[in-house]
file protein05.pdb (PDB, C-alpha atoms and all ligand atoms)
ATOM      1  CA  MET A  79       0.000   0.000   0.000
ATOM      2  CA  LYS A  80       2.810   2.325   0.938
ATOM      3  CA  GLN A  81       4.568   1.487  -2.333
ATOM      4  CA  LEU A  82       1.404   2.327  -4.243
ATOM      5  CA  PHE A  83       1.219   5.653  -2.462
ATOM      6  CA  ILE A  84       4.816   6.468  -3.442
ATOM      7  CA  LEU A  85       4.118   5.543  -7.065
ATOM      8  CA  PHE A  86       1.058   7.795  -7.053
ATOM      9  CA  PHE A  87       3.129  10.649  -5.643
ATOM     10  CA  VAL A  88       5.808  10.215  -8.320
ATOM     11  CA  PHE A  89       3.116  10.268 -11.012
ATOM     12  CA  ILE A  90       1.721  13.558  -9.668
ATOM     13  CA  ALA A  91       5.227  15.073  -9.440
ATOM     14  CA  ALA A  92       5.963  14.123 -13.065
ATOM     15  CA  ASN A  93       2.729  15.766 -14.170
ATOM     16  CA  VAL A  94       3.491  18.970 -12.278
ATOM     17  CA  SER A  95       6.920  19.177 -13.951
ATOM     18  CA  ALA A  96       5.133  19.044 -17.315
ATOM     19  CA  GLN A  97       3.554  22.413 -16.586
ATOM     20  CA  TYR A  98       5.600  25.019 -18.389
ATOM     21  CA  ALA A  99       4.837  28.739 -18.641
ATOM     22  CA  PRO A 100       1.208  29.534 -19.589
ATOM     23  CA  GLN A 101      -0.133  31.522 -22.527
ATOM     24  CA  ALA A 102       0.543  35.269 -22.952
ATOM     25  CA  GLY A 103      -1.261  37.473 -20.465
ATOM     26  CA  LEU A 104      -1.535  34.769 -17.784
ATOM     27  CA  LEU A 105       0.401  34.767 -14.526
ATOM     28  CA  GLY A 106       3.825  33.174 -14.981
ATOM     29  CA  SER A 107       3.901  33.508 -18.775
ATOM     30  CA  THR A 108       7.298  34.278 -20.297
ATOM     31  CA  ALA A 109       5.692  35.746 -23.455
ATOM     32  CA  LEU A 110       7.264  39.055 -24.512
ATOM     33  CA  HIS A 111       4.984  41.623 -26.136
ATOM     34  CA  LYS A 112       6.370  43.152 -29.316
ATOM     35  CA  ASP A 113       6.278  46.656 -27.771
ATOM     36  CA  SER A 114       8.460  45.598 -24.827
ATOM     37  CA  SER A 115      11.500  47.827 -24.292
ATOM     38  CA  ILE A 116      13.536  44.625 -23.832
ATOM     39  CA  PHE A 117      13.982  44.465 -27.630
ATOM     40  CA  VAL A 118      16.947  46.450 -28.928
ATOM     41  CA  ASP A 119      16.544  45.536 -32.603
ATOM     42  CA  TRP A 120      14.763  43.283 -35.101
ATOM     43  CA  ALA A 121      16.388  40.708 -37.384
ATOM     44  CA  ILE A 122      16.475  41.795 -41.028
ATOM     45  CA  SER A 123      18.377  39.178 -43.033
ATOM     46  CA  CYS A 124      16.440  35.921 -43.529
ATOM     47  CA  THR A 125      16.769  33.020 -45.981
ATOM     48  CA  ILE A 126      13.850  30.592 -46.401
ATOM     49  CA  ASN A 127      14.068  26.927 -47.421
ATOM     50  CA  ARG A 128      10.402  26.007 -47.943
ATOM     51  CA  GLY A 129       8.922  22.713 -46.833
ATOM     52  CA  TRP A 130       6.158  20.661 -48.440
ATOM     53  CA  MET A 131       2.502  21.507 -47.985
ATOM     54  CA  ASN A 132       2.235  17.877 -46.906
ATOM     55  CA  VAL A 133       5.370  15.787 -46.404
ATOM     56  CA  ALA A 134       3.292  12.644 -47.057
ATOM     57  CA  ASP A 135       2.019  13.950 -50.434
ATOM     58  CA  THR A 136       4.814  15.912 -52.112
ATOM     59  CA  ALA A 137       2.786  16.143 -55.358
ATOM     60  CA  LEU A 138       0.993  19.099 -53.728
ATOM     61  CA  GLY A 139       4.237  21.064 -53.871
ATOM     62  CA  LYS A 140       5.717  23.461 -51.347
ATOM     63  CA  THR A 141       4.138  26.330 -49.426
ATOM     64  CA  THR A 142       4.186  29.755 -51.091
ATOM     65  CA  ALA A 143       2.630  32.224 -48.632
ATOM     66  CA  GLY A 144       4.800  35.167 -47.646
ATOM     67  CA  VAL A 145       8.297  36.163 -48.773
ATOM     68  CA  ASN A 146      11.712  36.387 -47.081
ATOM     69  CA  SER A 147      11.113  39.966 -45.981
ATOM     70  CA  SER A 148       7.884  38.923 -44.209
ATOM     71  CA  ALA A 149      10.171  37.582 -41.470
ATOM     72  CA  SER A 150      12.131  40.874 -41.215
ATOM     73  CA  GLY A 151      11.722  43.845 -38.960
ATOM     74  CA  PHE A 152       9.046  44.621 -36.372
ATOM     75  CA  PRO A 153       6.261  42.011 -35.930
ATOM     76  CA  ASP A 154       3.491  43.167 -38.267
ATOM     77  CA  GLY A 155       1.362  40.064 -38.880
ATOM     78  CA  ASP A 156       2.899  39.619 -42.341
ATOM     79  CA  VAL A 157       4.356  36.099 -42.162
ATOM     80  CA  VAL A 158       6.243  33.585 -44.271
ATOM     81  CA  SER A 159       4.880  30.017 -44.088
ATOM     82  CA  LEU A 160       7.643  27.429 -43.775
ATOM     83  CA  GLY A 161       5.690  24.270 -44.701
ATOM     84  CA  ASP A 162       6.418  20.786 -43.331
ATOM     85  CA  GLY A 163       9.982  20.768 -42.016
ATOM     86  CA  GLY A 164      10.769  24.061 -43.791
ATOM     87  CA  GLU A 165      13.493  26.341 -42.442
ATOM     88  CA  ALA A 166      14.231  30.012 -41.968
ATOM     89  CA  ILE A 167      17.828  31.054 -41.327
ATOM     90  CA  TYR A 168      18.544  34.511 -39.944
ATOM     91  CA  TYR A 169      21.990  36.031 -40.339
ATOM     92  CA  PHE A 170      23.324  38.671 -37.946
ATOM     93  CA  SER A 171      26.401  40.715 -38.886
ATOM     94  CA  ASN A 172      26.177  42.124 -35.360
ATOM     95  CA  PRO A 173      26.103  38.841 -33.432
ATOM     96  CA  ILE A 174      23.596  37.818 -30.763
ATOM     97  CA  VAL A 175      25.317  37.324 -27.404
ATOM     98  CA  ASN A 176      24.458  35.657 -24.116
ATOM     99  CA  GLY A 177      23.407  38.467 -21.775
ATOM    100  CA  PRO A 178      21.444  38.191 -18.503
ATOM    101  CA  GLY A 179      18.173  36.278 -19.062
ATOM    102  CA  PHE A 180      16.564  35.858 -22.480
ATOM    103  CA  ASP A 181      18.629  36.785 -25.542
ATOM    104  CA  PHE A 182      16.092  36.777 -28.396
ATOM    105  CA  ALA A 183      12.449  35.957 -29.092
ATOM    106  CA  ILE A 184      10.549  34.527 -32.067
ATOM    107  CA  PHE A 185       7.132  35.713 -33.244
ATOM    108  CA  GLU A 186       4.512  33.499 -34.925
ATOM    109  CA  ASN A 187       0.827  34.164 -35.659
ATOM    110  CA  GLY A 188      -0.993  31.707 -33.364
ATOM    111  CA  PHE A 189      -4.271  32.746 -31.775
ATOM    112  CA  ARG A 190      -6.140  32.169 -28.556
ATOM    113  CA  ASN A 191      -9.264  30.075 -28.058
ATOM    114  CA  PRO A 192     -11.907  32.756 -27.310
ATOM    115  CA  ALA A 193     -13.531  30.342 -24.841
ATOM    116  CA  ASP A 194     -10.386  29.407 -22.852
ATOM    117  CA  SER A 195      -7.426  31.755 -22.408
ATOM    118  CA  ASN A 196      -5.071  28.816 -21.682
ATOM    119  CA  LEU A 197      -5.635  27.280 -25.111
ATOM    120  CA  SER A 198      -4.383  28.467 -28.495
ATOM    121  CA  TYR A 199      -3.836  27.363 -32.079
ATOM    122  CA  MET A 200      -0.123  26.656 -31.999
ATOM    123  CA  GLU A 201       2.268  25.780 -34.796
ATOM    124  CA  LEU A 202       5.694  24.907 -33.475
ATOM    125  CA  ALA A 203       9.284  25.086 -34.680
ATOM    126  CA  PHE A 204      12.698  23.963 -33.450
ATOM    127  CA  VAL A 205      15.251  26.710 -32.802
ATOM    128  CA  GLU A 206      18.972  26.308 -33.429
ATOM    129  CA  VAL A 207      21.949  28.659 -33.122
ATOM    130  CA  SER A 208      25.314  28.701 -34.842
ATOM    131  CA  ASN A 209      28.578  30.636 -35.022
ATOM    132  CA  ASP A 210      29.420  29.688 -38.605
ATOM    133  CA  GLY A 211      26.165  28.669 -40.338
ATOM    134  CA  VAL A 212      27.417  25.070 -40.569
ATOM    135  CA  ASN A 213      27.396  23.678 -37.028
ATOM    136  CA  TYR A 214      24.099  24.305 -35.229
ATOM    137  CA  LYS A 215      22.996  23.613 -31.641
ATOM    138  CA  ARG A 216      19.287  23.002 -31.027
ATOM    139  CA  PHE A 217      17.431  24.286 -27.950
ATOM    140  CA  ALA A 218      16.087  21.274 -26.041
ATOM    141  CA  ALA A 219      12.444  20.936 -27.114
ATOM    142  CA  THR A 220       9.880  19.334 -24.838
ATOM    143  CA  SER A 221       6.312  18.366 -25.728
ATOM    144  CA  HIS A 222       3.885  16.645 -23.376
ATOM    145  CA  ILE A 223       0.986  17.044 -25.839
ATOM    146  CA  ASP A 224      -1.014  13.795 -25.935
ATOM    147  CA  THR A 225      -0.059  11.791 -29.027
ATOM    148  CA  SER A 226      -3.014   9.397 -29.147
ATOM    149  CA  ILE A 227      -5.144  11.609 -31.452
ATOM    150  CA  GLN A 228      -3.663  13.746 -34.247
ATOM    151  CA  THR A 229      -3.996  17.526 -33.686
ATOM    152  CA  ALA A 230      -6.060  18.766 -36.640
ATOM    153  CA  GLY A 231      -4.412  20.939 -39.280
ATOM    154  CA  PHE A 232      -6.555  23.928 -38.468
ATOM    155  CA  GLY A 233      -8.736  25.244 -35.659
ATOM    156  CA  GLN A 234      -7.743  22.831 -32.891
ATOM    157  CA  TYR A 235      -6.489  24.405 -29.708
ATOM    158  CA  THR A 236      -3.678  23.162 -27.433
ATOM    159  CA  ASP A 237      -2.441  24.134 -23.963
ATOM    160  CA  CYS A 238       0.993  25.743 -24.335
ATOM    161  CA  ARG A 239       1.880  24.690 -20.756
ATOM    162  CA  LEU A 240       2.659  21.294 -22.299
ATOM    163  CA  VAL A 241       5.424  22.751 -24.470
ATOM    164  CA  ASN A 242       8.876  24.202 -23.816
ATOM    165  CA  GLY A 243      11.893  25.157 -25.930
ATOM    166  CA  LEU A 244       9.901  25.499 -29.165
ATOM    167  CA  ALA A 245       9.079  28.653 -31.139
ATOM    168  CA  GLY A 246       5.378  29.259 -31.756
ATOM    169  CA  LYS A 247       4.383  28.596 -28.139
ATOM    170  CA  TYR A 248       2.845  32.059 -27.837
ATOM    171  CA  ILE A 249       0.095  33.820 -29.809
ATOM    172  CA  ALA A 250       0.588  36.616 -32.374
ATOM    173  CA  ASN A 251       2.283  39.794 -31.148
ATOM    174  CA  TYR A 252       4.020  37.876 -28.339
ATOM    175  CA  GLY A 253       7.531  36.505 -28.746
ATOM    176  CA  THR A 254       8.622  33.111 -27.420
ATOM    177  CA  PRO A 255      11.943  33.887 -25.706
ATOM    178  CA  PHE A 256      15.179  31.862 -25.723
ATOM    179  CA  ASP A 257      18.163  32.042 -23.368
ATOM    180  CA  LEU A 258      21.609  31.037 -24.652
ATOM    181  CA  ASP A 259      22.502  30.038 -21.070
ATOM    182  CA  GLU A 260      21.164  26.603 -22.017
ATOM    183  CA  PHE A 261      24.364  25.962 -23.995
ATOM    184  CA  LEU A 262      26.784  27.143 -21.260
ATOM    185  CA  PRO A 263      28.055  23.581 -20.589
ATOM    186  CA  LEU A 264      29.158  23.276 -24.240
ATOM    187  CA  SER A 265      32.620  24.392 -25.256
ATOM    188  CA  SER A 266      31.838  23.773 -28.937
ATOM    189  CA  ILE A 267      29.877  26.996 -29.378
ATOM    190  CA  ASN A 268      30.855  30.608 -28.661
ATOM    191  CA  LEU A 269      27.777  32.115 -27.012
ATOM    192  CA  ASN A 270      29.005  35.641 -27.627
ATOM    193  CA  ASP A 271      29.257  35.209 -31.377
ATOM    194  CA  ILE A 272      25.898  33.865 -32.620
ATOM    195  CA  HIS A 273      25.676  34.870 -36.297
ATOM    196  CA  TYR A 274      22.954  32.411 -37.355
ATOM    197  CA  ILE A 275      19.586  31.357 -35.934
ATOM    198  CA  LYS A 276      17.649  28.592 -37.663
ATOM    199  CA  ILE A 277      13.914  28.053 -37.190
ATOM    200  CA  LYS A 278      12.718  24.643 -38.429
ATOM    201  CA  ASP A 279       9.042  23.711 -38.687
ATOM    202  CA  VAL A 280       7.914  20.764 -36.581
ATOM    203  CA  VAL A 281       6.181  18.212 -38.826
ATOM    204  CA  GLY A 282       3.257  17.538 -36.521
ATOM    205  CA  SER A 283       2.253  14.096 -37.775
ATOM    206  CA  ILE A 284       1.961  11.435 -35.069
ATOM    207  CA  HIS A 285       2.797   8.702 -37.600
ATOM    208  CA  ARG A 286       6.314   7.415 -37.140
ATOM    209  CA  ASN A 287       7.315   7.750 -40.788
ATOM    210  CA  ASP A 288       6.903  11.516 -40.856
ATOM    211  CA  CYS A 289       6.906  12.709 -37.248
ATOM    212  CA  SER A 290       9.205  15.051 -35.321
ATOM    213  CA  TYR A 291      10.676  14.215 -31.932
ATOM    214  CA  ASP A 292      11.439  16.367 -28.910
ATOM    215  CA  ALA A 293      14.738  16.130 -27.002
ATOM    216  CA  GLN A 294      13.446  13.112 -25.032
ATOM    217  CA  GLN A 295      12.401  11.300 -28.258
ATOM    218  CA  ASN A 296       8.692  11.951 -27.646
ATOM    219  CA  ILE A 297       6.621  12.538 -30.798
ATOM    220  CA  ILE A 298       5.440  16.151 -31.045
ATOM    221  CA  ASN A 299       1.739  16.317 -31.909
ATOM    222  CA  ASP A 300       1.332  19.604 -33.800
ATOM    223  CA  PRO A 301      -1.332  20.657 -36.371
ATOM    224  CA  TYR A 302      -1.156  18.193 -39.297
ATOM    225  CA  PRO A 303      -1.720  18.023 -42.184
ATOM    226  CA  THR A 304      -1.401  21.737 -42.989
ATOM    227  CA  ASP A 305      -1.697  21.066 -46.728
ATOM    228  CA  PHE A 306      -2.355  24.588 -47.947
ATOM    229  CA  ILE A 307      -0.098  27.358 -49.296
ATOM    230  CA  SER A 308       0.225  28.892 -45.820
ATOM    231  CA  GLY A 309       0.959  25.551 -44.145
ATOM    232  CA  GLY A 310       3.471  25.078 -41.364
ATOM    233  CA  PHE A 311       5.142  27.521 -39.021
ATOM    234  CA  ASP A 312       4.247  31.130 -39.893
ATOM    235  CA  LEU A 313       7.292  33.240 -39.085
ATOM    236  CA  ASP A 314       6.588  36.914 -38.404
ATOM    237  CA  ALA A 315       9.772  38.297 -36.779
ATOM    238  CA  LEU A 316      12.762  37.763 -34.500
ATOM    239  CA  GLY A 317      13.340  40.269 -31.720
ATOM    240  CA  ILE A 318      16.915  40.802 -30.509
ATOM    241  CA  ILE A 319      17.511  41.317 -26.793
ATOM    242  CA  HIS A 320      21.304  41.014 -26.488
ATOM    243  CA  GLN A 321      23.762  41.698 -29.279
ATOM    244  CA  LEU A 322      27.456  42.546 -29.369
ATOM    245  CA  TYR A 323      27.173  46.163 -30.464
ATOM    246  CA  PRO A 324      24.429  48.584 -29.494
ATOM    247  CA  THR A 325      22.166  49.468 -32.396
ATOM    248  CA  SER A 326      20.594  52.467 -33.971
ATOM    249  CA  ILE A 327      17.569  51.869 -31.734
ATOM    250  CA  LEU A 328      19.775  52.831 -28.795
ATOM    251  CA  ASN A 329      20.522  56.042 -30.678
ATOM    252  CA  GLU A 330      16.808  56.844 -30.850
ATOM    253  CA  GLY A 331      16.249  60.553 -30.404
ATOM    254  CA  LYS A 332      19.976  61.083 -30.917
ATOM    255  CA  GLU A 333      20.188  60.463 -34.671
ATOM    256  CA  ASN A 334      19.722  64.131 -35.342
ATOM    257  CA  ILE A 335      22.839  64.844 -33.251
ATOM    258  CA  VAL A 336      25.178  62.946 -35.556
ATOM    259  CA  SER A 337      25.029  61.580 -39.058
ATOM    260  CA  ILE A 338      27.854  60.184 -41.180
ATOM    261  CA  TYR A 339      28.254  60.221 -44.962
ATOM    262  CA  PRO A 340      28.911  59.009 -47.566
ATOM    263  CA  ASN A 341      27.996  55.444 -46.668
ATOM    264  CA  PRO A 342      29.384  53.214 -48.202
ATOM    265  CA  CYS A 343      32.621  55.178 -48.203
ATOM    266  CA  GLN A 344      36.105  54.745 -49.656
ATOM    267  CA  ASN A 345      38.345  57.462 -48.190
ATOM    268  CA  GLN A 346      36.986  60.380 -46.176
ATOM    269  CA  LEU A 347      34.050  59.735 -43.853
ATOM    270  CA  HIS A 348      32.346  63.013 -42.927
ATOM    271  CA  ILE A 349      30.602  63.539 -39.620
ATOM    272  CA  GLN A 350      27.757  66.009 -39.406
ATOM    273  CA  SER A 351      27.020  66.872 -35.809
ATOM    274  CA  SER A 352      25.058  69.385 -33.799
ATOM    275  CA  GLU A 353      27.317  68.707 -30.794
ATOM    276  CA  ARG A 354      31.099  68.767 -30.960
ATOM    277  CA  VAL A 355      32.429  65.225 -31.377
ATOM    278  CA  LYS A 356      35.199  64.581 -28.871
ATOM    279  CA  ARG A 357      36.302  61.086 -29.683
ATOM    280  CA  GLY A 358      35.800  58.443 -32.331
ATOM    281  CA  THR A 359      36.491  54.706 -32.339
ATOM    282  CA  VAL A 360      36.252  52.314 -35.284
ATOM    283  CA  VAL A 361      35.506  48.721 -34.294
ATOM    284  CA  SER A 362      35.481  45.649 -36.543
ATOM    285  CA  LEU A 363      32.517  43.274 -36.447
ATOM    286  CA  GLU A 364      34.789  40.848 -34.591
ATOM    287  CA  GLY A 365      34.970  43.443 -31.805
ATOM    288  CA  LYS A 366      38.563  44.549 -32.452
ATOM    289  CA  VAL A 367      39.355  48.265 -32.067
ATOM    290  CA  ILE A 368      40.843  49.306 -35.422
ATOM    291  CA  TRP A 369      41.315  53.010 -34.844
ATOM    292  CA  GLN A 370      40.774  55.522 -32.055
ATOM    293  CA  SER A 371      41.082  59.278 -32.222
ATOM    294  CA  LYS A 372      42.251  61.672 -29.531
ATOM    295  CA  GLU A 373      40.481  64.538 -31.296
ATOM    296  CA  ILE A 374      38.366  64.375 -34.442
ATOM    297  CA  ASP A 375      39.869  66.801 -36.938
ATOM    298  CA  GLN A 376      37.487  68.885 -39.072
ATOM    299  CA  ASN A 377      34.804  66.198 -38.570
ATOM    300  CA  ASN A 378      36.524  63.948 -41.118
ATOM    301  CA  ILE A 379      37.899  60.463 -40.620
ATOM    302  CA  ASP A 380      40.336  58.992 -43.115
ATOM    303  CA  ILE A 381      39.324  55.347 -43.655
ATOM    304  CA  SER A 382      41.372  54.750 -46.824
ATOM    305  CA  SER A 383      43.643  52.240 -45.061
ATOM    306  CA  LEU A 384      40.768  50.011 -43.830
ATOM    307  CA  LYS A 385      40.043  46.714 -45.562
ATOM    308  CA  GLU A 386      36.683  46.422 -47.348
ATOM    309  CA  GLY A 387      33.859  45.479 -44.991
ATOM    310  CA  VAL A 388      31.359  46.698 -42.422
ATOM    311  CA  TYR A 389      32.562  48.590 -39.346
ATOM    312  CA  LEU A 390      31.031  50.196 -36.310
ATOM    313  CA  LEU A 391      31.880  53.834 -35.569
ATOM    314  CA  LYS A 392      31.411  54.930 -31.953
ATOM    315  CA  LEU A 393      31.324  58.683 -31.465
ATOM    316  CA  GLU A 394      31.363  60.504 -28.148
ATOM    317  CA  THR A 395      30.099  64.061 -28.102
ATOM    318  CA  GLU A 396      31.092  66.905 -25.786
ATOM    319  CA  LYS A 397      27.758  66.541 -23.946
ATOM    320  CA  GLY A 398      28.508  62.875 -23.298
ATOM    321  CA  ASN A 399      26.180  61.362 -25.895
ATOM    322  CA  ILE A 400      27.538  58.157 -27.399
ATOM    323  CA  ILE A 401      26.379  57.444 -30.931
ATOM    324  CA  HIS A 402      26.841  54.192 -32.803
ATOM    325  CA  GLN A 403      26.807  54.164 -36.602
ATOM    326  CA  TYR A 404      27.659  51.382 -38.977
ATOM    327  CA  PHE A 405      29.467  52.143 -42.206
ATOM    328  CA  THR A 406      30.680  50.115 -45.146
ATOM    329  CA  LYS A 407      34.194  50.605 -46.472
ATOM    330  CA  ASN A 408      34.387  49.894 -50.215
TER     331      ASN A 408
HETATM  332 CA    CA B   1      21.086  34.828 -21.798
HETATM  333 CA    CA B   2       4.279  22.101 -38.759
HETATM  334 CA    CA B   3       6.538  40.073 -40.299
END

call {"tool": "encode", "arguments": {"input": "protein05.pdb", "output": "structure tokens"}}
result
Amino acid sequence: MKQLFILFFVFIAANVSAQYAPQAGLLGSTALHKDSSIFVDWAISCTINRGWMNVADTALGKTTAGVNSSASGFPDGDVVSLGDGGEAIYYFSNPIVNGPGFDFAIFENGFRNPADSNLSYMELAFVEVSNDGVNYKRFAATSHIDTSIQTAGFGQYTDCRLVNGLAGKYIANYGTPFDLDEFLPLSSINLNDIHYIKIKDVVGSIHRNDCSYDAQQNIINDPYPTDFISGGFDLDALGIIHQLYPTSILNEGKENIVSIYPNPCQNQLHIQSSERVKRGTVVSLEGKVIWQSKEIDQNNIDISSLKEGVYLLKLETEKGNIIHQYFTKN
């Protein structure tokens, strides 16, 4: 009897551990609203490798809804549909880094069940990060969604508390956040130099031939089939929380203080400024200081000796404003 009691207790404990953060707007949710000041920038460069409308019937062809740029910039509801197992790969010239807490968030276009705020239509995707675009590390995905009955391709709601480590957990306008801390035990990835993030649609079939597995080799039951042109994960945007160099967003309200031209530039970079510029520093995208001035002369910087490429110029004005501008040397 005592043994039975212990077994029962273990069963309850396992169930409790399956309860991950709830849907956006509910107590304990980790969802990040698109207007949150936590975001310092939005990913702009995205390549799409479309998946099939239905992996089990490739004669239907691949998804076509949306274009690469649908996944760029601020979340706007314009999405690109990845299809079964399709991928989006973001590139960051200014790498994502592991700062305190979450480092980036992914936006999809799921929606809530009007009758139950815990439930939503969820399409899920794996998330992977890479330094070089060749070797990727995947965030550990967990799904405790029941796999006895296939989640329908459209209009069936699921409780996101059953899911962790997968993009698409949260409804439209709310990002699902990811923390690079997860990879701290690995020496094979530099967490302060993430140039690539891959988002790969979960093929939601519960049939073993076509299914996707979470990190514990459980089948992930996700809407399937989604055999229409907008099938699969609908990627809206990627919000950046921590990156190596501050961005123009951090210059907000200060752009009118300093502008640089021409850009791209070959020889003389001109600085137009309403405050006297005290100091300038040119930094490579690898974070190496290339050049530093004691005084900026005549608001010109000679960049003729730099190699071709993109650089960051940090300018400090007399009033203590620090402005960051990127320029391309050609
Ligand atoms: Ca972090
Ligand atoms: Ca899918
Ligand atoms: Ca979008």

call {"tool": "atom_distance", "arguments": {"input": "protein05.pdb", "atom1": "atom CA of Arg190 of chain A", "atom2": "atom CA of Asp292 of chain A"}}
result
23.6 Å

call {"tool": "residues_around", "arguments": {"input": "protein05.pdb", "residues": "Leu347 of chain A", "least_positions_apart": "4", "cutoff": "7 Å", "atoms": "all atoms listed in the file", "output": "list of chain:residue names"}}
result
A:Ile338, A:Tyr339, A:Pro340, A:Cys343, A:Asn378, A:Ile379, A:Asp380, A:Ile381

call {"tool": "resolve_selection", "arguments": {"input": "protein05.pdb", "expression": "the PyMOL selection byres (((chain A and resi 368) around 10) and not hetatm)", "output": "number ranges by chain"}}
result
A: 359-362, 365-367, 369-370, 384, 389-390

call {"tool": "residues_near_ligand", "arguments": {"input": "protein05.pdb", "ligand": "ligand CA 1 (chain B)", "cutoff": "6 Å", "atoms": "all atoms listed in the file", "output": "list in words"}}
result
Asn176, Gly177, Pro178, Gly179, Phe180, Asp181, Asp257, Leu258 and Asp259 of chain A

call {"tool": "write_last_selection", "arguments": {"input": "protein05.pdb", "atoms": "C-alpha atoms", "output": "compact mmCIF listing (two decimals), keeping the file's coordinate frame"}}
result
# COMPACT_ATOMS: atom_id res chain seq x y z
CA ASN A 176 24.46 35.66 -24.12
CA GLY A 177 23.41 38.47 -21.78
CA PRO A 178 21.44 38.19 -18.50
CA GLY A 179 18.17 36.28 -19.06
CA PHE A 180 16.56 35.86 -22.48
CA ASP A 181 18.63 36.78 -25.54
CA ASP A 257 18.16 32.04 -23.37
CA LEU A 258 21.61 31.04 -24.65
CA ASP A 259 22.50 30.04 -21.07

call {"tool": "atom_distance", "arguments": {"input": "protein05.pdb", "atom1": "atom CA of Asn299 of chain A", "atom2": "atom CA of Ser221 of chain A"}}
result
8.0 Å

call {"tool": "closest_residue", "arguments": {"input": "protein05.pdb", "among": "A:Ser171, A:Asn251, A:Thr108, A:Asn209", "to": "ligand CA 3 (chain B)", "atoms": "only C-alpha atoms and all ligand atoms"}}
result
A:Asn251

call {"tool": "resolve_selection", "arguments": {"input": "protein05.pdb", "expression": "the PyMOL selection byres (((not hetatm)) within 12 of (chain B and resi 2))", "output": "PyMOL selection string"}}
result
chain A and resi 128-133+141+159-165+199-204+229-232+244-246+277-284+288-290+298-306+308-313

call {"tool": "resolve_selection", "arguments": {"input": "protein05.pdb", "expression": "the PyMOL selection byres (((not hetatm)) within 12 of (chain B and resi 3))", "output": "number ranges by chain"}}
result
A: 112, 120-122, 124, 144-159, 184-187, 250-251, 312-317

call {"tool": "closest_residue", "arguments": {"input": "protein05.pdb", "among": "A:Ala134, A:Ile174, A:Ile272, A:Leu322", "to": "Asp210 of chain A", "atoms": "all atoms listed in the file"}}
result
A:Ile272

call {"tool": "closest_residue", "arguments": {"input": "protein05.pdb", "among": "A:Gln295, A:Val175, A:Gln321, A:Asp224", "to": "Leu262 of chain A", "atoms": "all atoms listed in the file"}}
result
A:Val175

call {"tool": "closest_residue", "arguments": {"input": "protein05.pdb", "among": "A:Val336, A:Ile319, A:Ile126, A:Leu393", "to": "Tyr169 of chain A", "atoms": "all atoms listed in the file"}}
result
A:Ile126

call {"tool": "closest_residue", "arguments": {"input": "protein05.pdb", "among": "A:Leu104, A:Ile275, A:Ile223, A:Ala183", "to": "Thr125 of chain A", "atoms": "only C-alpha atoms"}}
result
A:Ile275

call {"tool": "atom_distance", "arguments": {"input": "protein05.pdb", "atom1": "atom CA of Tyr323 of chain A", "atom2": "atom CA of Asn172 of chain A"}}
result
6.4 Å

call {"tool": "residues_around", "arguments": {"input": "protein05.pdb", "residues": "Ser208 of chain A", "least_positions_apart": "3", "cutoff": "6 Å", "atoms": "only C-alpha atoms", "output": "list in words"}}
result
Gly211, Asn213, Tyr214, Ile272 and Tyr274 of chain A

call {"tool": "closest_residue", "arguments": {"input": "protein05.pdb", "among": "A:Asn377, A:Asn341, A:Ser382, A:Ser123", "to": "Thr406 of chain A", "atoms": "all atoms listed in the file"}}
result
A:Asn341
